[in-house]
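*Asks:* Contents of start_24.csv (CSV, C-alpha atoms):
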chain,number,residue,atom,x,y,z
A,184,MET,CA,14.7,10.5,3.2
A,185,ASN,CA,12.6,11.3,6.3
A,186,LEU,CA,13.2,8.3,8.6
A,187,ILE,CA,11.6,8.1,12.1
A,188,GLU,CA,13.0,5.4,14.4
A,189,TYR,CA,11.0,4.0,17.3
A,190,PRO,CA,12.1,2.0,20.3
A,191,ASP,CA,9.4,-0.6,19.8
A,192,THR,CA,6.7,-1.7,17.4
A,193,ASP,CA,3.8,-0.9,19.6
A,194,LEU,CA,4.7,2.8,19.8
A,195,MET,CA,5.4,2.9,16.1
A,196,MET,CA,2.0,1.4,15.2
A,197,MET,CA,0.2,4.0,17.3
A,198,ASP,CA,2.2,6.8,15.8
A,199,VAL,CA,1.7,5.6,12.2
A,200,ALA,CA,-2.1,5.3,12.8
A,201,ASP,CA,-2.1,8.8,14.2
A,202,ALA,CA,-0.2,10.1,11.2
A,203,LEU,CA,-2.5,8.4,8.8
A,204,ALA,CA,-5.6,9.7,10.5
A,205,GLY,CA,-4.1,13.2,10.5
A,206,ALA,CA,-3.3,13.0,6.8
A,207,LEU,CA,-6.9,11.7,6.0
A,208,LYS,CA,-8.5,14.5,8.0
A,209,SER,CA,-6.4,17.1,6.3
A,210,ALA,CA,-7.2,15.8,2.9
A,211,LEU,CA,-10.9,15.7,3.8
A,212,LEU,CA,-10.8,19.4,4.5
A,213,THR,CA,-10.0,20.2,0.9
A,214,HIS,CA,-11.5,17.3,-1.1
A,215,GLU,CA,-15.0,16.0,-1.3
A,216,ARG,CA,-13.7,12.5,-1.5
A,217,VAL,CA,-10.3,11.0,-0.5
A,218,THR,CA,-8.5,7.9,-1.7
A,219,PHE,CA,-6.5,5.8,0.8
A,220,ALA,CA,-4.3,3.0,-0.5
A,221,VAL,CA,-3.0,0.4,2.0
A,222,PRO,CA,-0.8,-2.8,1.8
A,223,GLY,CA,-1.5,-6.3,2.8
A,224,GLY,CA,0.9,-8.6,4.7
A,225,SER,CA,1.3,-9.0,8.4
A,226,THR,CA,2.8,-5.6,9.4
A,227,PRO,CA,-0.2,-3.3,8.9
A,228,GLY,CA,-2.8,-5.2,10.9
A,229,PRO,CA,-2.2,-3.4,14.2
A,230,VAL,CA,-2.3,0.0,12.4
A,231,PHE,CA,-5.6,-1.0,10.9
A,232,ASP,CA,-7.0,-2.0,14.3
A,233,ILE,CA,-6.2,1.4,15.7
A,234,LEU,CA,-7.2,3.4,12.6
A,235,SER,CA,-10.6,1.7,12.3
A,236,ALA,CA,-11.8,3.2,15.5
A,237,VAL,CA,-10.8,6.8,14.6
A,238,HIS,CA,-13.8,9.1,14.0
A,239,LEU,CA,-13.6,11.0,10.7
A,240,ASP,CA,-15.7,11.2,7.6
A,241,TRP,CA,-15.1,7.7,6.5
A,242,ASP,CA,-18.1,7.8,4.2
A,243,ARG,CA,-16.0,10.2,2.0
A,244,VAL,CA,-13.0,7.8,1.9
A,245,THR,CA,-12.3,5.2,-0.7
A,246,ILE,CA,-9.9,2.5,0.4
A,247,LEU,CA,-8.1,0.2,-2.0
A,248,PRO,CA,-5.2,-2.2,-1.8
A,249,SER,CA,-1.8,-1.1,-3.1
A,250,ASP,CA,-1.6,-4.5,-4.6
A,251,GLU,CA,-3.5,-7.8,-4.6
A,252,ARG,CA,-2.7,-11.5,-5.1
A,253,TRP,CA,-4.9,-12.9,-7.8
A,254,VAL,CA,-7.0,-15.0,-5.5
A,255,PRO,CA,-10.7,-14.7,-4.5
A,256,PRO,CA,-11.3,-12.1,-1.8
A,257,GLU,CA,-12.2,-14.7,0.8
A,258,HIS,CA,-8.8,-16.5,0.3
A,259,ALA,CA,-6.5,-16.5,3.3
A,260,ARG,CA,-3.8,-14.8,1.2
A,261,ALA,CA,-6.0,-12.1,-0.2
A,262,ASN,CA,-5.1,-8.6,0.9
A,263,ALA,CA,-8.8,-7.7,0.6
A,264,ARG,CA,-9.6,-10.2,3.4
A,265,LEU,CA,-7.1,-8.5,5.7
A,266,ILE,CA,-8.4,-5.1,4.9
A,267,ARG,CA,-12.0,-6.1,5.4
A,268,GLU,CA,-11.3,-7.9,8.7
A,269,ARG,CA,-8.9,-5.4,10.3
A,270,LEU,CA,-9.6,-1.9,8.8
A,271,LEU,CA,-13.2,-1.9,7.4
A,272,LYS,CA,-14.8,-2.2,10.8
A,273,ASP,CA,-16.1,0.0,13.6
A,274,ALA,CA,-16.0,3.7,12.5
A,275,ALA,CA,-14.2,2.8,9.3
A,276,SER,CA,-16.9,0.5,8.1
A,277,ALA,CA,-18.5,3.5,6.5
A,278,ALA,CA,-15.7,3.8,4.0
A,279,THR,CA,-16.0,2.5,0.4
A,280,PHE,CA,-13.8,-0.4,-0.5
A,281,GLN,CA,-12.4,-0.7,-4.1
A,282,PRO,CA,-10.9,-4.2,-4.6
A,283,LEU,CA,-8.2,-4.9,-7.2
A,284,TYR,CA,-9.7,-8.2,-8.2
A,285,VAL,CA,-12.3,-9.2,-10.8
A,286,ALA,CA,-14.0,-12.6,-10.2
A,287,GLU,CA,-13.8,-15.4,-12.8
A,288,THR,CA,-11.4,-13.3,-15.0
A,289,GLU,CA,-7.7,-13.9,-15.9
A,290,VAL,CA,-5.4,-11.2,-14.5
A,291,ASP,CA,-4.4,-9.8,-17.8
A,292,ALA,CA,-7.9,-9.5,-19.0
A,293,ALA,CA,-8.9,-7.6,-15.8
A,294,LEU,CA,-6.3,-4.9,-16.2
A,295,GLY,CA,-8.4,-2.7,-18.5
A,296,PRO,CA,-11.5,-2.7,-16.3
A,297,LEU,CA,-9.4,-2.2,-13.1
A,298,ALA,CA,-7.5,0.7,-14.7
A,299,GLU,CA,-10.8,2.4,-15.6
A,300,THR,CA,-12.0,2.0,-12.0
A,301,VAL,CA,-8.7,3.2,-10.4
A,302,ALA,CA,-7.9,6.2,-12.7
A,303,PRO,CA,-10.7,8.5,-11.3
A,304,LEU,CA,-9.4,7.9,-7.8
A,305,LEU,CA,-6.0,9.3,-8.6
A,306,PRO,CA,-3.8,10.9,-7.3
A,307,LEU,CA,-3.8,8.9,-4.1
A,308,ASP,CA,-4.4,11.2,-1.2
A,309,VAL,CA,-2.8,9.0,1.4
A,310,LEU,CA,-0.7,5.9,0.8
A,311,MET,CA,0.7,3.3,3.2
A,312,LEU,CA,3.3,0.9,2.1
A,313,GLY,CA,5.6,-1.8,3.4
A,314,MET,CA,9.0,-3.0,2.1
A,315,GLY,CA,10.2,-6.6,1.7
A,316,MET,CA,13.7,-7.8,2.4
A,317,ASP,CA,14.2,-8.0,-1.4
A,318,MET,CA,13.4,-4.2,-1.5
A,319,HIS,CA,10.0,-4.8,-3.2
A,320,THR,CA,7.0,-2.6,-2.4
A,321,ALA,CA,3.4,-3.2,-3.3
A,322,SER,CA,3.8,-6.1,-5.9
A,323,LEU,CA,6.7,-4.5,-7.7
A,324,PHE,CA,9.4,-7.1,-7.2
A,325,PRO,CA,13.0,-6.9,-8.4
A,326,GLY,CA,13.6,-9.1,-11.4
A,327,ALA,CA,9.9,-9.6,-12.2
A,328,ASP,CA,9.0,-9.7,-15.8
A,329,GLY,CA,7.6,-6.3,-16.9
A,330,LEU,CA,9.1,-4.4,-14.0
A,331,ALA,CA,10.7,-1.8,-16.2
A,332,ASP,CA,7.3,-1.1,-17.9
A,333,ALA,CA,5.5,-1.0,-14.5
A,334,LEU,CA,7.9,1.6,-13.3
A,335,GLY,CA,7.9,3.7,-16.5
A,336,HIS,CA,6.4,7.2,-16.5
A,337,ASP,CA,3.8,6.1,-19.0
A,338,ALA,CA,2.7,2.9,-17.1
A,339,PRO,CA,-1.0,2.4,-16.7
A,340,PRO,CA,-2.5,2.8,-13.2
A,341,VAL,CA,-2.7,-1.0,-12.6
A,342,VAL,CA,-0.1,-3.6,-13.8
A,343,ALA,CA,0.1,-7.4,-13.6
A,344,THR,CA,3.2,-9.0,-12.0
A,345,ARG,CA,4.3,-12.6,-11.8
A,346,PRO,CA,7.2,-12.7,-9.3
A,347,ALA,CA,9.2,-15.9,-9.5
A,348,SER,CA,9.3,-16.0,-5.7
A,349,GLN,CA,5.5,-15.9,-5.3
A,350,PRO,CA,3.0,-18.7,-5.8
A,351,GLU,CA,0.4,-16.6,-7.7
A,352,ALA,CA,0.1,-13.8,-10.1
A,353,ARG,CA,-0.5,-10.3,-8.7
A,354,VAL,CA,-1.9,-6.9,-9.6
A,355,SER,CA,-0.3,-3.8,-8.3
A,356,LEU,CA,-0.6,0.0,-8.5
A,357,SER,CA,2.1,1.1,-10.9
A,358,GLY,CA,5.2,3.0,-10.1
A,359,PRO,CA,3.9,6.4,-11.3
A,360,VAL,CA,0.7,5.9,-9.1
A,361,LEU,CA,2.8,5.2,-6.0
A,362,GLN,CA,5.2,8.0,-6.7
A,363,GLY,CA,2.4,10.4,-7.3
A,364,ALA,CA,0.7,9.9,-3.9
A,365,LEU,CA,0.2,13.2,-2.0
A,366,ASN,CA,1.1,11.7,1.4
A,367,THR,CA,3.1,8.5,1.8
A,368,HIS,CA,4.1,6.4,4.8
A,369,VAL,CA,6.3,3.3,4.7
A,370,VAL,CA,6.2,1.0,7.7
A,371,MET,CA,9.1,-1.4,8.5
A,372,THR,CA,10.1,-3.7,11.4
A,373,GLY,CA,13.3,-5.6,12.1
A,374,THR,CA,17.0,-4.8,12.0
A,375,GLY,CA,17.3,-6.4,8.7
A,376,LYS,CA,14.9,-4.0,7.1
A,377,ARG,CA,16.9,-1.1,8.4
A,378,ASP,CA,20.0,-2.4,6.6
A,379,VAL,CA,18.0,-3.1,3.5
A,380,LEU,CA,16.6,0.4,3.5
A,381,GLN,CA,20.1,1.9,3.5
A,382,LYS,CA,21.1,-0.3,0.6
A,383,ALA,CA,17.9,0.6,-1.4
A,384,SER,CA,18.5,4.3,-1.0
A,385,LYS,CA,21.7,3.9,-3.1
A,386,LEU,CA,20.2,1.8,-5.9
A,387,GLN,CA,18.0,2.4,-8.9
A,388,PRO,CA,14.3,1.6,-8.8
A,389,ILE,CA,14.7,-1.3,-11.2
A,390,GLU,CA,17.0,-2.9,-8.6
A,391,ALA,CA,15.1,-1.7,-5.6
A,392,PRO,CA,11.5,-0.7,-6.4
A,393,ILE,CA,10.9,0.9,-3.0
A,394,GLN,CA,13.3,3.6,-4.1
A,395,ILE,CA,10.6,5.2,-6.1
A,396,VAL,CA,8.9,6.6,-3.0
A,397,LEU,CA,11.9,7.2,-0.7
A,398,THR,CA,12.3,10.9,-1.6
A,399,ASN,CA,8.8,12.0,-0.6
A,400,ALA,CA,7.8,9.3,2.0
A,401,THR,CA,7.9,9.4,5.7
A,402,LEU,CA,9.6,6.1,6.7
A,403,HIS,CA,8.7,4.5,10.0
A,404,TRP,CA,11.0,1.8,11.5
A,405,ALA,CA,11.1,-0.2,14.7
A,406,PRO,CA,13.4,-3.1,15.6
Mind converting the file's structure to structure tokens?
*Replies:*
Amino acid sequence: MNLIEYPDTDLMMMDVADALAGALKSALLTHERVTFAVPGGSTPGPVFDILSAVHLDWDRVTILPSDERWVPPEHARANARLIRERLLKDAASAATFQPLYVAETEVDAALGPLAETVAPLLPLDVLMLGMGMDMHTASLFPGADGLADALGHDAPPVVATRPASQPEARVSLSGPVLQGALNTHVVMTGTGKRDVLQKASKLQPIEAPIQIVLTNATLHWAP
């Protein structure tokens, strides 16, 4: 487990943005197109603000959410809204955005079309994730119905989840997709997350879904 600890969040956000930019530039040297998956939530916003101004070949980058709440893209809780407002601007506005949402469709009916769209983008070249206090990552929540299937080696690229702790259904990149990313960074803040990370490292993925990426990821933590 490669853990980098920072004295404050501002320094961490700058360092993470620099690391992601470097990973994207390296991938663009050897690939015609690059896939970059990013989380929602409150933590990644400052990273997105910095990264959006970095000059690289964004027109060769496809950005997609690691997961999405099943709400319209303009909804306040939509990860797509955060990504559009904080990342897909300035230099990064040239990137292609691939949402994980199909309008006027139930989540289960949308899984097939979404999988067909996502599959050609794999493996993910660069992946940014967060971790919840319950040790979830993306929308793979402990105790959620279907979690074992979502983590299984034969899971489809995109899965539906209905966490009991959340108000709406979600779609998420599956365990094998997250685990198969070529360059992964996990960003965490707060002393509680540090303790949770240590606990997760000793558990199985079914108990702590974040565990699926711990071996290969670079983990960034600030108090």
*Asks:* Could I get the residues of region 225-330 of chain A with an atom no further than 9 Å from an atom of region 364-384 of chain A, each paired with its nearest atom pair and that distance in Å to one decimal, using only C-alpha atoms, sorted by chain and residue number, as JSON lines?
*Replies:*
{"residue": "A:Thr226", "atom": "CA", "partner": "A:Val370", "partner_atom": "CA", "distance": 7.6}
{"residue": "A:Pro227", "atom": "CA", "partner": "A:Val370", "partner_atom": "CA", "distance": 7.8}
{"residue": "A:Leu305", "atom": "CA", "partner": "A:Ala364", "partner_atom": "CA", "distance": 8.2}
{"residue": "A:Pro306", "atom": "CA", "partner": "A:Ala364", "partner_atom": "CA", "distance": 5.7}
{"residue": "A:Leu307", "atom": "CA", "partner": "A:Ala364", "partner_atom": "CA", "distance": 4.6}
{"residue": "A:Asp308", "atom": "CA", "partner": "A:Leu365", "partner_atom": "CA", "distance": 5.1}
{"residue": "A:Val309", "atom": "CA", "partner": "A:Asn366", "partner_atom": "CA", "distance": 4.7}
{"residue": "A:Leu310", "atom": "CA", "partner": "A:Thr367", "partner_atom": "CA", "distance": 4.7}
{"residue": "A:Met311", "atom": "CA", "partner": "A:His368", "partner_atom": "CA", "distance": 4.9}
{"residue": "A:Leu312", "atom": "CA", "partner": "A:Val369", "partner_atom": "CA", "distance": 4.6}
{"residue": "A:Gly313", "atom": "CA", "partner": "A:Val370", "partner_atom": "CA", "distance": 5.2}
{"residue": "A:Met314", "atom": "CA", "partner": "A:Met371", "partner_atom": "CA", "distance": 6.6}
{"residue": "A:Gly315", "atom": "CA", "partner": "A:Lys376", "partner_atom": "CA", "distance": 7.6}
{"residue": "A:Met316", "atom": "CA", "partner": "A:Lys376", "partner_atom": "CA", "distance": 6.2}
{"residue": "A:Asp317", "atom": "CA", "partner": "A:Val379", "partner_atom": "CA", "distance": 7.9}
{"residue": "A:Met318", "atom": "CA", "partner": "A:Ala383", "partner_atom": "CA", "distance": 6.6}
*Asks:* Skipping near chain neighbours, those fewer than 4 positions away, what residues fall within 6 Å of Ala405 (chain A) using all atoms listed in the file, listed as a list in words?
*Replies:*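 Result of the neighbour search: Glu188, Tyr189, Asp191, Thr192 and Thr372 of chain A.
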*Asks:* By how many Å are CA of Ser322 (chain A) and CA of Ser355 (chain A) apart?
*Replies:*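 Pair CA of Ser322 (chain A) / CA of Ser355 (chain A) returns 5.3 Å.
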*Asks:* Choose the residue, out of A:Leu330, A:Val396, A:Ile233, A:Ile266, that has the smallest atom-to-atom separation from Ala200 (chain A); count all atoms listed in the file.
*Replies:*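 Answer, going by the shortest atom-to-atom distance: A:Ile233.
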*Asks:* For Glu215 (chain A), list every protein, DNA or RNA residue within 12 Å, evaluated using all atoms listed in the file, and leave out those in the same chain fewer than 6 positions away; present the list as a list in words.
*Replies:*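 Contacts, in chain order: Leu207, Lys208, Ser209, Asp240, Trp241, Asp242, Arg243, Val244, Thr245, Leu304 and Asp308 of chain A.
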*Asks:* Hey, can you spit out that residue selection with C-alpha atoms as a PDB file, keeping the file's coordinate frame?
*Replies:*
ATOM      1  CA  LEU A 207      -6.900  11.700   6.000  1.00  0.00           C
ATOM      2  CA  LYS A 208      -8.500  14.500   8.000  1.00  0.00           C
ATOM      3  CA  SER A 209      -6.400  17.100   6.300  1.00  0.00           C
ATOM      4  CA  ASP A 240     -15.700  11.200   7.600  1.00  0.00           C
ATOM      5  CA  TRP A 241     -15.100   7.700   6.500  1.00  0.00           C
ATOM      6  CA  ASP A 242     -18.100   7.800   4.200  1.00  0.00           C
ATOM      7  CA  ARG A 243     -16.000  10.200   2.000  1.00  0.00           C
ATOM      8  CA  VAL A 244     -13.000   7.800   1.900  1.00  0.00           C
ATOM      9  CA  THR A 245     -12.300   5.200  -0.700  1.00  0.00           C
ATOM     10  CA  LEU A 304      -9.400   7.900  -7.800  1.00  0.00           C
ATOM     11  CA  ASP A 308      -4.400  11.200  -1.200  1.00  0.00           C
TER      12      ASP A 308
END
*Asks:* Just give me the gap between CA of Thr213 (chain A) and CA of Pro303 (chain A) in Å, one decimal is fine.
*Replies:*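 That distance, rounded to one decimal, is 16.9 Å.
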*Asks:* With only C-alpha atoms as the basis for distance, which of A:Thr218, A:Lys272, A:Val285, A:Gln362 is at the shortest distance from Asn399 (chain A)?
*Replies:*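 Closest to Asn399 (chain A) of all the choices is A:Gln362.
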